[in-house]
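Here is the structure we will look at.
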Amino acid sequence: MTETLFREDAYLQSCEATVTGVSERGVVLNRSVFYPQGGGQPGDRGVLETRDGRRVVISDTLKGDQGDIVHVPHPDTPPLSVGEQVNATVDWERRYRHMRMHTCLHLLCSLVDAGVTGGAVGSDRGRLDFDLPEATLDKADLSEALNGLIARDLPVLARWISAQTLAERPELVRTMSVQPPMDQGDVRLIDITSVDLQPCGGTHVARTGEIGPVVVSKIEKKSRHNRRVVVRFVG
Ligand SMILES: [Zn+2]
C-alpha cells in the first residue's frame, strides 16, 4: 500500500521514496506525491530520479491493487529495481492546473441544483454533467456566479467523517459516479465554507482565489437527462 502524501498536502511537489514493486503496469513506491487517475482527475506525470542520476519519466499514474499507486514509465526510460531509492517529482505546472480546475468544479456543483452524473478535470478546461432535463442554465449567469465565488477567496478544507455519519447525510454525495475515498471506515470531505461540502479524494487548492478567472464556455444537451457544462480558464 502506497502512502498518499498528496492527500495530506496537495502542494508537495516531490518526495524521497523506495521502489516496492515493479511490474508490466509500472512502478510502485512506498510513498508518493503522484495523484492516480480517479474521480475525473487525470493521473500525474513527472519523473523518478535515482541516486546515481538515472531519470525515469512517468507518463501516467494509476490506482493498483490494495491501495498501491502505479507510476507508469515512458517506454524509453531505464528500468528500476525493487529496493532502489528515488526522488519522485510531479509535473507541477500540469498538476496545479488540475487542482485549480478540480476546485472550480466543486464551486460549479454548488451553483446547480441537480445530481452530477459525470465529470472530468483537464489542464485547460473541466466539465460536469448534470441530471437536468430542462434548459435552465445560462452561460453568462453561471460564469458571473463562479467568478464571484472565486473572488471571495474562500478556504478549501479537508476533513474526515465516519462512514456512518455520511450514510445519515446522503445529500452530501453529489457525484453519483464516484465512490468517495474511505480509510478505515472514515470518509474524506472537502469543505468550501458555506458553499460546498462533499466527499472527494482529489487534489484541491487551499483557497478559491487561486483558481483565477474562468468562463463557462459551453452548455450542451447530451441526452434527455444529461446537460454538460464546460468551464475554461481565461488566459
Ligand atoms: Zn474534489
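We label chains A, B, ... in the order they appear in the C-alpha cells, count residues from 1 in each chain, and number ligands from 1 in the order shown.
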Shell of 9 Å around ligand 1 (only C-alpha atoms and all ligand atoms), written as a list of chain:residue names = A:Gly39, A:Gln41, A:Met99, A:His102, A:Thr103, A:Leu105, A:His106, A:Leu189, A:Ile190, A:Gln198, A:Pro199, A:Cys200, A:Gly201, A:Gly202, A:Thr203, A:His204
May I have a table of the residues of segment 79-172 of chain A lying at most 12 Å from segment 60-63 of chain A, giving each one's closest pair of atoms and their distance in Å to one decimal, counting only C-alpha atoms, ordered by chain and ascending residue number, as a tab-separated table?
residue	atom	partner	partner_atom	distance
A:Val90	CA	A:Thr61	CA	10.4
A:Asp91	CA	A:Asp60	CA	10.7
A:Arg95	CA	A:Asp60	CA	11.8
message = Under the rule that only C-alpha atoms are counted, which of A:Val205, A:Ile192, A:Leu137, A:Val57 is the nearest residue to Thr77 of chain A?
response =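 Of all the options, A:Val57 lies closest to Thr77 of chain A.
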query = With only C-alpha atoms as the atoms that count, which of A:Arg227, A:His98, A:Arg188, A:Phe233 lies nearest to Ala114 of chain A?
reply =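 Among the listed residues, the smallest separation from Ala114 of chain A belongs to A:Arg227.
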inquiry  = Calculated over only C-alpha atoms, which of the candidates A:Val22, A:Val82, A:Leu197, A:Leu172 has the smallest distance to Gly115 of chain A?
reply    =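 Of A:Val22, A:Val82, A:Leu197, A:Leu172, the one nearest Gly115 of chain A is A:Leu172, counting only C-alpha atoms.
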query = In terms of the shortest atom-to-atom distance over only C-alpha atoms, which of A:Val187, A:Ala206, A:Leu12, A:Leu111 is closest to Ser143 of chain A?
reply =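 Of A:Val187, A:Ala206, A:Leu12, A:Leu111, the one nearest Ser143 of chain A is A:Leu111, counting only C-alpha atoms.
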Write out, as a Markdown table, each residue of segment 44-159 of chain A that has an atom at most 9 Å from segment 211-220 of chain A, together with the closest pair of atoms and their distance in Å to one decimal, counting only C-alpha atoms, rows going by chain and rising number.
| residue | atom | partner | partner_atom | distance |
| --- | --- | --- | --- | --- |
| A:Arg97 | CA | A:Ile211 | CA | 8.3 |
| A:Met99 | CA | A:Ile211 | CA | 8.2 |
| A:Arg100 | CA | A:Ile211 | CA | 4.6 |
| A:Met101 | CA | A:Ile211 | CA | 6.8 |
| A:Thr103 | CA | A:Ile211 | CA | 7.4 |
| A:Cys104 | CA | A:Ile211 | CA | 6.6 |
| A:Leu137 | CA | A:Ile219 | CA | 7.7 |
| A:Asp138 | CA | A:Ile219 | CA | 7.9 |
| A:Lys139 | CA | A:Val216 | CA | 5.5 |
| A:Ala140 | CA | A:Val216 | CA | 7.3 |
| A:Leu142 | CA | A:Val216 | CA | 6.7 |
| A:Ser143 | CA | A:Val215 | CA | 5.2 |
| A:Glu144 | CA | A:Val215 | CA | 8.2 |
| A:Leu146 | CA | A:Val214 | CA | 7.6 |
| A:Asn147 | CA | A:Pro213 | CA | 6.2 |
| A:Ile150 | CA | A:Ile211 | CA | 6.6 |
| A:Ala151 | CA | A:Gly212 | CA | 8.0 |
For N, CA and C atoms, I'd like the residues from the last selection saved as a short mmCIF file (atom, residue, chain, number, x, y, z; two decimals), in the first residue's frame.
data_model
loop_
_atom_site.label_atom_id
_atom_site.label_comp_id
_atom_site.auth_asym_id
_atom_site.auth_seq_id
_atom_site.Cartn_x
_atom_site.Cartn_y
_atom_site.Cartn_z
N ARG A 97 -2.71 23.09 -12.35
CA ARG A 97 -3.89 23.43 -13.16
C ARG A 97 -5.03 22.45 -12.87
N MET A 99 -5.52 21.00 -10.00
CA MET A 99 -6.04 21.37 -8.67
C MET A 99 -6.98 22.57 -8.77
N ARG A 100 -6.57 23.55 -9.59
CA ARG A 100 -7.40 24.75 -9.75
C ARG A 100 -8.73 24.40 -10.42
N MET A 101 -8.67 23.60 -11.49
CA MET A 101 -9.90 23.26 -12.21
C MET A 101 -10.79 22.34 -11.37
N THR A 103 -11.06 22.24 -8.12
CA THR A 103 -11.74 23.05 -7.10
C THR A 103 -12.84 23.88 -7.74
N CYS A 104 -12.59 24.38 -8.95
CA CYS A 104 -13.60 25.15 -9.68
C CYS A 104 -14.86 24.31 -9.91
N LEU A 137 -30.06 26.51 -17.41
CA LEU A 137 -28.75 27.10 -17.12
C LEU A 137 -28.37 28.13 -18.19
N ASP A 138 -27.72 29.18 -17.73
CA ASP A 138 -27.29 30.24 -18.64
C ASP A 138 -25.78 30.45 -18.49
N LYS A 139 -25.07 30.48 -19.61
CA LYS A 139 -23.60 30.58 -19.58
C LYS A 139 -23.12 31.83 -18.85
N ALA A 140 -23.72 32.97 -19.20
CA ALA A 140 -23.27 34.25 -18.62
C ALA A 140 -23.55 34.29 -17.12
N LEU A 142 -23.91 31.74 -15.03
CA LEU A 142 -23.04 30.78 -14.33
C LEU A 142 -21.61 31.31 -14.25
N SER A 143 -21.13 31.91 -15.33
CA SER A 143 -19.77 32.47 -15.34
C SER A 143 -19.64 33.54 -14.25
N GLU A 144 -20.63 34.41 -14.18
CA GLU A 144 -20.58 35.50 -13.20
C GLU A 144 -20.60 34.96 -11.77
N LEU A 146 -19.72 31.93 -10.76
CA LEU A 146 -18.47 31.20 -10.48
C LEU A 146 -17.34 32.16 -10.14
N ASN A 147 -17.18 33.18 -10.97
CA ASN A 147 -16.11 34.15 -10.72
C ASN A 147 -16.34 34.92 -9.42
N ILE A 150 -15.05 32.58 -6.74
CA ILE A 150 -13.58 32.54 -6.83
C ILE A 150 -13.00 33.80 -6.17
N ALA A 151 -13.59 34.95 -6.49
CA ALA A 151 -13.08 36.23 -5.97
C ALA A 151 -13.23 36.34 -4.45
#
request  = Could you give me the residues within segment 98-187 of chain A that DSSP places in helix (DSSP H, G or I), as a ChimeraX atom specification?
outcome  = /A:98-111,139-151,163-168,170-172
inquiry  = With distances taken over only C-alpha atoms, which residue among A:Glu3, A:Asp44, A:Glu8, A:Asp196 lies nearest Asp113 of chain A?
reply    =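 The shortest atom-to-atom distance to Asp113 of chain A comes from A:Asp196.
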message = Env of Ala163 of chain A: 7 Å cut, atoms = only C-alpha atoms, seq-sep filter 4 positions within chain, self excluded. Answer as a PyMOL selection string.
response = chain A and resi 167+185-187
